[in-house]
Amino acid sequence: MKFLEEFAPLAGRSHLQVLAQTDSTNNRVKELADAGAPSGAAVIADRQTAGRGRLGRSFSSPAGVGLYLSYLLRPTLPEDRLMTVPALAAVAGARAVRRAAGLDCGIKWPNDLVCAGRKVSGILTELVPTQSGPAVVIGIGINVHEQTFSPDAAQVAGYLDAWTDCPVSRGELAKALLEELDGLETLDGLREYRAACLTLGRTVRLLRPDGTQQAEALGIDRDYGLIVRYGDGREETVRSGEVSVRGLYGYIE
């Protein structure tokens with residue numbers, strides 16, 4: 001099949017499945033985790049029929065235009081450091097894009113990859129128990145080639161080829177991404193993350209079940225939490241949830 005030729009740079013990598021179609025690559029990697037697959041096992045699909053993003057959102061995954069990859073991590077990190085994995089995955093993704101496409105991505109907290117103000121990648125990490133111990137499934141979707149987005153997504157989304165002189169190879173991008181993820185647990189990415197974080201120094205809007213709050217984004221702590229200051233001077237470190245950034249993705253109030 002033609003799409004398999006694109007992933008020829010991955011020939012010889014063990015515990016890798018390349019599929020024409022699946023509902024969700026995260027689901028397939030969860031199955032591998034349950035079956036005892038080792039850290040580094042991965043699944044790539046040309047198309048997903050039920051791709052997912054953070055907070056239960058769907059992730060559009062049409063054939064031939066994106067990289068949809070999920071990776072199995074058998075963590076050796078202390079339990080209290082597992083919260084850093086989503087941010088480290090963003091650093092790994094940004095490095096892979098730089099290697100394969102020559103583009104520098106910013107990071108919108110906690111782990112969106114952004115080029116020229118457009119979201120090009122979403123990352124979903126899931127901690128799952130298995131008979132072989134805890135596992136982390138890291139799902140990364142990257143918009144690579146030109147595509148038609150839904151009306152809502154068209155307001156925020158972009159694709160890598162829009163900023164390159166020639167089409168980006170999905171195979172080379174996948175190879176770079178897997179290599180970066182292989183080194184994730186030894187990655188000292190905090191300085192790199194802070195330098196790339198587009199959220200810092202901006203007004204943000206925190207979306208919570210009881211309403212929204214506006215604050216200024218001050219910094220990133222050692223666990224990749226977002227430090228914010230409210231109008232009354234009170235400071236808080238945000239660990240999860242939705243954060244809109246003024247000037248990004250349509251937040252202009």
# chains A, B, ... in the order shown; residues from 1 in each chain; ligands from 1
>>> residues_around(residues="A:Asp223", least_positions_apart="4", cutoff="10 Å", atoms="only C-alpha atoms", output="number ranges by chain")
A: 80-85, 87, 190, 239
>>> residues_around(residues="A:Glu5", least_positions_apart="4", cutoff="12 Å", atoms="only C-alpha atoms", output="short mmCIF file (atom, residue, chain, number, x, y, z; two decimals) with all heavy atoms, in the first residue's frame")
data_model
loop_
_atom_site.label_atom_id
_atom_site.label_comp_id
_atom_site.auth_asym_id
_atom_site.auth_seq_id
_atom_site.Cartn_x
_atom_site.Cartn_y
_atom_site.Cartn_z
N MET A 1 0.85 -1.20 0.00
CA MET A 1 0.00 0.00 0.00
C MET A 1 0.88 1.25 0.00
O MET A 1 1.92 1.29 0.66
CB MET A 1 -0.93 -0.01 1.22
CG MET A 1 -1.87 -1.23 1.28
SD MET A 1 -2.89 -1.27 2.76
CE MET A 1 -3.99 0.09 2.42
N PRO A 9 11.29 4.77 6.45
CA PRO A 9 12.37 5.10 7.39
C PRO A 9 12.26 4.37 8.72
O PRO A 9 13.23 4.35 9.49
CB PRO A 9 12.21 6.62 7.58
CG PRO A 9 11.58 7.09 6.32
CD PRO A 9 10.62 5.99 5.94
N LEU A 10 11.10 3.76 9.01
CA LEU A 10 10.92 3.06 10.28
C LEU A 10 11.19 1.57 10.17
O LEU A 10 11.02 0.83 11.15
CB LEU A 10 9.48 3.27 10.78
CG LEU A 10 9.07 4.73 11.01
CD1 LEU A 10 7.60 4.82 11.33
CD2 LEU A 10 9.89 5.35 12.12
N ALA A 11 11.60 1.12 8.98
CA ALA A 11 11.85 -0.31 8.78
C ALA A 11 12.87 -0.80 9.81
O ALA A 11 13.90 -0.17 10.04
CB ALA A 11 12.36 -0.56 7.36
N VAL A 18 1.98 -0.33 11.83
CA VAL A 18 1.54 0.75 10.94
C VAL A 18 0.26 0.27 10.27
O VAL A 18 0.26 -0.71 9.52
CB VAL A 18 2.62 1.09 9.89
CG1 VAL A 18 2.14 2.22 9.00
CG2 VAL A 18 3.93 1.48 10.58
N ALA A 20 -3.55 0.95 8.20
CA ALA A 20 -4.26 1.81 7.26
C ALA A 20 -5.34 2.61 7.97
O ALA A 20 -5.57 3.79 7.66
CB ALA A 20 -4.88 0.98 6.13
N ASP A 46 -2.76 5.59 9.26
CA ASP A 46 -2.96 6.56 8.18
C ASP A 46 -4.23 7.36 8.41
O ASP A 46 -4.32 8.53 8.02
CB ASP A 46 -3.04 5.82 6.84
CG ASP A 46 -3.06 6.76 5.65
OD1 ASP A 46 -2.24 7.71 5.63
OD2 ASP A 46 -3.89 6.56 4.74
N GLY A 64 -3.92 10.29 4.84
CA GLY A 64 -2.94 10.86 3.93
C GLY A 64 -2.40 12.22 4.28
O GLY A 64 -1.50 12.71 3.59
N SER A 169 8.00 14.85 5.03
CA SER A 169 7.86 13.40 5.01
C SER A 169 7.24 12.91 6.32
O SER A 169 7.81 13.13 7.40
CB SER A 169 9.22 12.73 4.81
OG SER A 169 9.18 11.35 5.13
N ARG A 170 6.08 12.26 6.23
CA ARG A 170 5.48 11.71 7.44
C ARG A 170 6.37 10.64 8.04
O ARG A 170 6.44 10.48 9.27
CB ARG A 170 4.10 11.14 7.14
CG ARG A 170 3.05 12.19 6.82
CD ARG A 170 1.63 11.63 6.85
NE ARG A 170 1.41 10.62 5.83
CZ ARG A 170 0.33 9.84 5.78
NH1 ARG A 170 -0.62 9.95 6.70
NH2 ARG A 170 0.19 8.96 4.80
N GLY A 171 7.06 9.87 7.19
CA GLY A 171 7.95 8.83 7.70
C GLY A 171 9.13 9.40 8.48
O GLY A 171 9.47 8.91 9.56
N GLU A 172 9.76 10.44 7.94
CA GLU A 172 10.88 11.06 8.65
C GLU A 172 10.42 11.73 9.94
O GLU A 172 11.12 11.71 10.95
CB GLU A 172 11.59 12.06 7.74
CG GLU A 172 12.32 11.44 6.56
CD GLU A 172 13.48 10.55 6.97
OE1 GLU A 172 13.96 10.67 8.12
OE2 GLU A 172 13.91 9.72 6.14
#
>>> select_by_dssp(residues="stretch 50-194 of chain A", states="strand (DSSP E)", output="PyMOL selection string")
chain A and resi 66-73+106-108+112-115+118-128+135-143
>>> residues_around(residues="A:Thr125", least_positions_apart="5", cutoff="7 Å", atoms="only C-alpha atoms", output="list in words")
Pro86, Val136, Val137, Ile138 and Gly139 of chain A
>>> select_by_dssp(residues="stretch 62-253 of chain A", states="alpha helix (DSSP H)", output="MDAnalysis selection string")
chainID A and resid 85:101 151:154 170:182 190:196
>>> closest_residue(among="A:Leu200, A:Arg95, A:Pro62, A:Trp163", to="A:Val243", atoms="only C-alpha atoms")
A:Leu200
>>> residues_around(residues="A:Ala162", least_positions_apart="5", cutoff="12 Å", atoms="only C-alpha atoms", output="PyMOL selection string")
chain A and resi 101+103+115-116+118+120+143-147+157+167-168
>>> write_last_selection(atoms="N, CA, C and O atoms", output="short mmCIF file (atom, residue, chain, number, x, y, z; two decimals), in the first residue's frame")
data_model
loop_
_atom_site.label_atom_id
_atom_site.label_comp_id
_atom_site.auth_asym_id
_atom_site.auth_seq_id
_atom_site.Cartn_x
_atom_site.Cartn_y
_atom_site.Cartn_z
N ALA A 101 11.08 18.92 9.70
CA ALA A 101 10.49 19.97 8.87
C ALA A 101 11.26 21.28 8.90
O ALA A 101 10.96 22.19 8.12
N LEU A 103 11.11 23.49 11.22
CA LEU A 103 10.24 24.52 11.79
C LEU A 103 10.37 24.56 13.30
O LEU A 103 10.48 23.51 13.94
N CYS A 115 2.49 26.74 15.32
CA CYS A 115 3.34 27.40 14.33
C CYS A 115 2.60 28.62 13.79
O CYS A 115 1.45 28.50 13.36
N ALA A 116 3.25 29.76 13.82
CA ALA A 116 2.68 31.00 13.26
C ALA A 116 1.26 31.24 13.76
O ALA A 116 0.38 31.64 13.01
N ARG A 118 -0.91 29.07 14.69
CA ARG A 118 -1.84 28.01 14.32
C ARG A 118 -1.47 26.71 15.03
O ARG A 118 -0.30 26.31 15.08
N VAL A 120 -0.85 23.01 15.30
CA VAL A 120 -0.51 21.96 14.35
C VAL A 120 -0.50 20.58 14.99
O VAL A 120 -0.39 19.57 14.28
N ASN A 143 -0.74 17.70 12.19
CA ASN A 143 -1.23 18.04 10.86
C ASN A 143 -0.02 18.32 9.97
O ASN A 143 0.72 19.27 10.21
N VAL A 144 0.16 17.50 8.95
CA VAL A 144 1.36 17.59 8.13
C VAL A 144 1.08 18.24 6.78
O VAL A 144 1.70 19.24 6.42
N HIS A 145 0.14 17.67 6.00
CA HIS A 145 -0.13 18.15 4.66
C HIS A 145 -1.41 18.98 4.61
O HIS A 145 -2.21 18.95 5.55
N GLU A 146 -1.61 19.68 3.51
CA GLU A 146 -2.80 20.52 3.34
C GLU A 146 -4.07 19.69 3.49
O GLU A 146 -4.15 18.56 3.00
N GLN A 147 -5.04 20.25 4.17
CA GLN A 147 -6.29 19.55 4.41
C GLN A 147 -7.41 20.56 4.63
O GLN A 147 -7.16 21.75 4.88
N ALA A 157 -6.47 25.96 13.40
CA ALA A 157 -5.57 24.89 12.98
C ALA A 157 -4.72 25.28 11.78
O ALA A 157 -5.10 26.11 10.95
N PRO A 167 7.05 19.28 0.59
CA PRO A 167 6.23 18.50 1.53
C PRO A 167 7.08 17.81 2.60
O PRO A 167 8.15 17.27 2.32
N VAL A 168 6.59 17.82 3.81
CA VAL A 168 7.25 17.14 4.93
C VAL A 168 6.98 15.64 4.82
O VAL A 168 5.85 15.22 4.54
#
>>> atom_distance(atom1="atom CA of A:Pro110", atom2="atom CA of A:Tyr224")
7.9 Å
>>> closest_residue(among="A:Leu181, A:Leu72, A:Cys197, A:Ala8", to="A:Asn27", atoms="only C-alpha atoms")
A:Leu72
>>> residues_around(residues="stretch 73-75 of chain A", least_positions_apart="6", cutoff="7 Å", atoms="only C-alpha atoms", output="list in words")
Pro38, Ser39, Gly40, Pro134, Ala135, Val136 and Val137 of chain A
>>> atom_distance(atom1="atom CA of A:Val228", atom2="atom CA of A:Leu113")
20.7 Å
>>> residues_around(residues="A:Gln17", least_positions_apart="5", cutoff="7 Å", atoms="only C-alpha atoms", output="ChimeraX atom specification")
/A:42-44
>>> residues_around(residues="A:Gln48", least_positions_apart="6", cutoff="7 Å", atoms="only C-alpha atoms", output="list of chain:residue names")
A:Gln21, A:Thr22, A:Asp23, A:Ser24, A:Ser61, A:Pro62
>>> atom_distance(atom1="atom CA of A:Ser70", atom2="atom CA of A:Leu206")
28.4 Å
